[in-house]
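Note sheet for the following structure.
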Amino acid sequence: MKTAMITALISLLVFASCSTQVEPFKYGTDICYNCKMGIIDPKFGGELVTKKGKNYKFDDVGCMVRYLKSGLLEQKDIAQTAVINFEKQNDFINVNKAIFAASDAIRSPMNFNAAAFSSKDAADKFLADKPGKELNWNELYNKIE
Amino acid sequence: MLRLILILPTIIYCIPTFAKTIVVGKNQSITTIRKAVEIAKNKDSILVLPGIYKEGNIVINKSLTLAGQNFPILDGENKYEIFTVSGSDITIKGFQFQNSGSSAMNDYASVKVIDAKNIFVENNKVINAYFGIHFSNSSYVTIRNNTITGSPAMEQTTGNGIHLWKCNHALIENNRISGHRDGIYFEFVTESMIRNNYSTKNIRYGIHFMFSHYNSYFDNTFNDNGAGVAVMYSHNVTMERNTFEQNWGASSYGILLKDISDSRIQHNSFLKNSVGIHMEGSSRIEISQNIFKENGWAIKVQASCDDNNFYQNNFYGNSFEISTNGTMMLNKFYNNYWDKYEGYDRNKDGIGDVPYHPVSMYSMIVEENPNALILLRSFMVSLLDKAEKAIPSLTPENLIDDKPMLKPNKL
């Protein structure tokens, strides 16, 4: 029994430290890995998790794209690329499943002015009374310099 | 005839404009501010007597002076933006704004000013607001002597104390701001001045500049904010005679400079901060006559910085003086006073004869591996540091002060 528990504990420790889960933002404490600004606006942001379990948090999806484009982290080492749901704080969406609304009516922390939604419906609804357009992850990625 | 032409404008100017004052109060004929604004004409004044006014959102779009007597209370009942202002020549003074609403989608403020010119917001108290005073697309504005106190339930449910977006020629002085996201926030703001403000206990920064050029801030005190001041993606910013103190925390700074150029940081005091100045991607900045005392790191200069000059600063009791993450250094250091300097001065000109290396070897190791900090005060580390000073190998060879002062510079 004792051995089983120790084994369980050890495996818990081992696996916990290698978790490739996104880590919720601690608003007011976390800083953006790219621009070094404090993360505080719960509507925006993104997170990269490497296969080794390191989390890189970003205050704006644009900062995440810029970091990805900088080449400091290789694509093959990345386990997860997620963005924050504009409508729900600390709700992460896989970038390939997200629909982005790019609009000047949005003021994101780093001025990239794109918001992520979990469905096309949600993005449609948001953009109904605003100028702007919908983009998928690849389109957004290519749009940001 | 000519004389008449000259005199005529003077006469017209002297004709009284019959601006009247409308008094608002419980026992007056007009009991609501909304009614007073509705009947007022340009250049009128509205005097609001003491009391509690719960009128929801009031839109002001005429040239008026609204003055409160003994701080009448304007309560937003946690639902409404209290004043929404646009136009020109408007003064708002002597009110207590409280409980303006908050919303995830709209930047509700106690006083929101949009598309305006010549606006004065002064001597007000703003309590428990989402955004305190919010200006966009305005010019020639003055925000003076206001006390803005936020009390957010959570870090992320607060806006900025004073928020300016796309403004120019703003003067922000003698305000006291606490409990907000950023004390003062500038985005696309130019040719403006921030002076004599006290910014404390804000969640993120005392002042935050984004894409804002040709601005200056001086004689401000930043105490116990998430970090002191963040200056990002801007140029020609003057920072003088400010006090940065007690900005403690893993990601806390006195000043964070990110992509800044052609700016000046002079005559400031940095006391007891985790990092006095953190700079990245910054060029052509004059950093002189500052005091750095008892900081974890006085200055962190990332390798992406070039052409900056550091001179006549005084460094006392900092754990690390300068640290960097590269081996190249394209910045100049001279005539600084370093309390850790152990050189001599044989010709008695007040300048040490041996150059000073402000980057300790161990700071390079900590830069690579922050956890190594735990060994900082150990015997081995001091030994390594001494060896490195004698024969530099890890630290940038050209990061030296070749004219270190023997006595502190007189500031």
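Within each chain, counting starts at residue 1; across the structure tokens, chains are named A, B, ... in the order shown, with ligands numbered 1 upward in that order.
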
Contact residues (chain B, partner chain A, 7 Å, only C-alpha atoms) as a ChimeraX atom specification: /B:155-156,203-204

DSSP strand (DSSP E or B) residues within range 158-219 of chain B, listed as a PyMOL selection string: chain B and resi 162-173+176-178+184-190+193-195+198-200+205-210+215-218

Interatomic distance, CA of Ser110 in chain B to CA of Gly228 in chain B (Å, one decimal): 24.4 Å

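The list of residues with at least one atom within 9 Å of range 130-138 of chain A, based on only C-alpha atoms and without residues fewer than 2 positions apart in the same chain, reads Val95, Asn96, Lys97, Ala98, Ile99, Phe100, Ala101, Ala102, Ser103, Asp104, Ala105, Lys120, Ala123, Asp124, Phe126, Leu127, Ala128, Leu140, Tyr141, Asn142 and Lys143 of chain A.
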
Atomic separation - CA of Asp115 in chain B relative to CA of Ile30 in chain B, Å: 28.8 Å

For Gln75 in chain A: contacts at 12 Å, only C-alpha atoms, fewer than 6 positions along chain excluded, given as a PyMOL selection string: chain A and resi 48-51+67-69+81

Near-range 175-177 of chain B list (7 Å; only C-alpha atoms; drop same-chain fewer than 5 positions) as an MDAnalysis selection string: chainID B and resid 144:149 161 183 197:200

Backbone-only DSSP, helix (DSSP H, G or I) members of chain A, as a PyMOL selection string: chain A and resi 2-17+61-70+75-77+95-97+120-127+137-143

Spatial neighbours of Ile58 in chain B, max dist 10 Å, only C-alpha atoms, sep filter under 2 positions, as a list in words: Ile33, Arg34, Lys35, Val37, Glu38, Glu55, Gly56, Ile60, Asn61, Tyr80, Glu81, Ile82, Phe83, Thr84, Val85 and Val111 of chain B

Could you save the residues just selected, with N, CA and C atoms, as an mmCIF file, in the first residue's frame?
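again_3.cif, written as the output of this step:
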data_model
loop_
_atom_site.group_PDB
_atom_site.id
_atom_site.type_symbol
_atom_site.label_atom_id
_atom_site.label_comp_id
_atom_site.auth_asym_id
_atom_site.auth_seq_id
_atom_site.Cartn_x
_atom_site.Cartn_y
_atom_site.Cartn_z
ATOM 1 N N ILE B 33 -29.465 67.874 -12.575
ATOM 2 C CA ILE B 33 -28.393 68.381 -13.436
ATOM 3 C C ILE B 33 -28.806 68.220 -14.895
ATOM 4 N N ARG B 34 -29.520 67.133 -15.177
ATOM 5 C CA ARG B 34 -29.943 66.892 -16.562
ATOM 6 C C ARG B 34 -30.798 68.046 -17.078
ATOM 7 N N LYS B 35 -31.742 68.485 -16.239
ATOM 8 C CA LYS B 35 -32.625 69.594 -16.616
ATOM 9 C C LYS B 35 -31.800 70.862 -16.838
ATOM 10 N N VAL B 37 -28.680 71.163 -17.684
ATOM 11 C CA VAL B 37 -27.895 71.080 -18.919
ATOM 12 C C VAL B 37 -28.811 71.303 -20.123
ATOM 13 N N GLU B 38 -30.018 70.790 -20.019
ATOM 14 C CA GLU B 38 -30.977 70.902 -21.116
ATOM 15 C C GLU B 38 -31.337 72.361 -21.412
ATOM 16 N N GLU B 55 -28.789 60.331 -11.382
ATOM 17 C CA GLU B 55 -29.507 60.683 -12.610
ATOM 18 C C GLU B 55 -29.106 59.827 -13.791
ATOM 19 N N GLY B 56 -28.414 58.741 -13.538
ATOM 20 C CA GLY B 56 -27.971 57.903 -14.651
ATOM 21 C C GLY B 56 -26.918 58.625 -15.463
ATOM 22 N N ILE B 60 -23.268 65.970 -21.901
ATOM 23 C CA ILE B 60 -22.981 67.402 -21.933
ATOM 24 C C ILE B 60 -22.335 67.720 -23.268
ATOM 25 N N ASN B 61 -23.035 68.510 -24.097
ATOM 26 C CA ASN B 61 -22.437 68.829 -25.393
ATOM 27 C C ASN B 61 -22.565 70.307 -25.732
ATOM 28 N N TYR B 80 -24.274 53.103 -14.511
ATOM 29 C CA TYR B 80 -24.203 54.136 -15.549
ATOM 30 C C TYR B 80 -22.831 54.782 -15.639
ATOM 31 N N GLU B 81 -22.543 55.248 -16.857
ATOM 32 C CA GLU B 81 -21.444 56.177 -17.022
ATOM 33 C C GLU B 81 -22.029 57.518 -16.595
ATOM 34 N N ILE B 82 -21.336 58.316 -15.783
ATOM 35 C CA ILE B 82 -22.011 59.482 -15.201
ATOM 36 C C ILE B 82 -22.047 60.668 -16.180
ATOM 37 N N PHE B 83 -20.885 61.162 -16.591
ATOM 38 C CA PHE B 83 -20.865 62.280 -17.549
ATOM 39 C C PHE B 83 -20.289 61.809 -18.879
ATOM 40 N N THR B 84 -20.981 62.098 -19.952
ATOM 41 C CA THR B 84 -20.429 61.873 -21.287
ATOM 42 C C THR B 84 -20.356 63.232 -21.951
ATOM 43 N N VAL B 85 -19.127 63.652 -22.284
ATOM 44 C CA VAL B 85 -18.896 65.036 -22.667
ATOM 45 C C VAL B 85 -18.343 65.102 -24.083
ATOM 46 N N VAL B 111 -16.156 60.157 -15.903
ATOM 47 C CA VAL B 111 -16.255 61.271 -16.837
ATOM 48 C C VAL B 111 -15.645 60.802 -18.145
#

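Counting only C-alpha atoms, Lys57 in chain A has the following residues at most 10 Å away, ignoring those fewer than 6 positions along the same chain: Val22, Glu23, Pro24, Phe25, Asp30, Ile31, Cys32, Tyr33, Asn34, Ile39, Gly45, Gly46, Glu47, Leu48, Val49, Cys63, Met64, Ala82 and Val83 of chain A.
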
Quick one: write out the picked residues with C-alpha atoms as a PDB file, in the first residue's frame?
ATOM      1  CA  VAL A  22      -2.485  25.704 -20.748  1.00  0.00           C
ATOM      2  CA  GLU A  23      -2.101  27.524 -17.485  1.00  0.00           C
ATOM      3  CA  PRO A  24      -4.809  30.053 -16.546  1.00  0.00           C
ATOM      4  CA  PHE A  25      -3.672  33.675 -16.495  1.00  0.00           C
ATOM      5  CA  ASP A  30       1.668  37.454 -15.340  1.00  0.00           C
ATOM      6  CA  ILE A  31       3.570  39.331 -18.004  1.00  0.00           C
ATOM      7  CA  CYS A  32       3.541  38.947 -21.759  1.00  0.00           C
ATOM      8  CA  TYR A  33       6.535  36.947 -22.943  1.00  0.00           C
ATOM      9  CA  ASN A  34       6.894  39.060 -26.058  1.00  0.00           C
ATOM     10  CA  ILE A  39      -1.412  40.922 -18.549  1.00  0.00           C
ATOM     11  CA  GLY A  45      -4.321  36.927 -25.004  1.00  0.00           C
ATOM     12  CA  GLY A  46      -2.821  33.650 -26.029  1.00  0.00           C
ATOM     13  CA  GLU A  47      -0.619  30.910 -24.722  1.00  0.00           C
ATOM     14  CA  LEU A  48       1.959  28.531 -26.113  1.00  0.00           C
ATOM     15  CA  VAL A  49       2.845  25.339 -24.290  1.00  0.00           C
ATOM     16  CA  CYS A  63       2.272  39.287 -29.582  1.00  0.00           C
ATOM     17  CA  MET A  64       1.938  35.515 -29.849  1.00  0.00           C
ATOM     18  CA  ALA A  82      -4.273  28.582 -27.782  1.00  0.00           C
ATOM     19  CA  VAL A  83      -6.037  31.919 -27.586  1.00  0.00           C
TER      20      VAL A  83
END

Point-to-point distance from CA of Val275 in chain B to CA of Glu187 in chain B, Å rounded to tenths: 24.5 Å
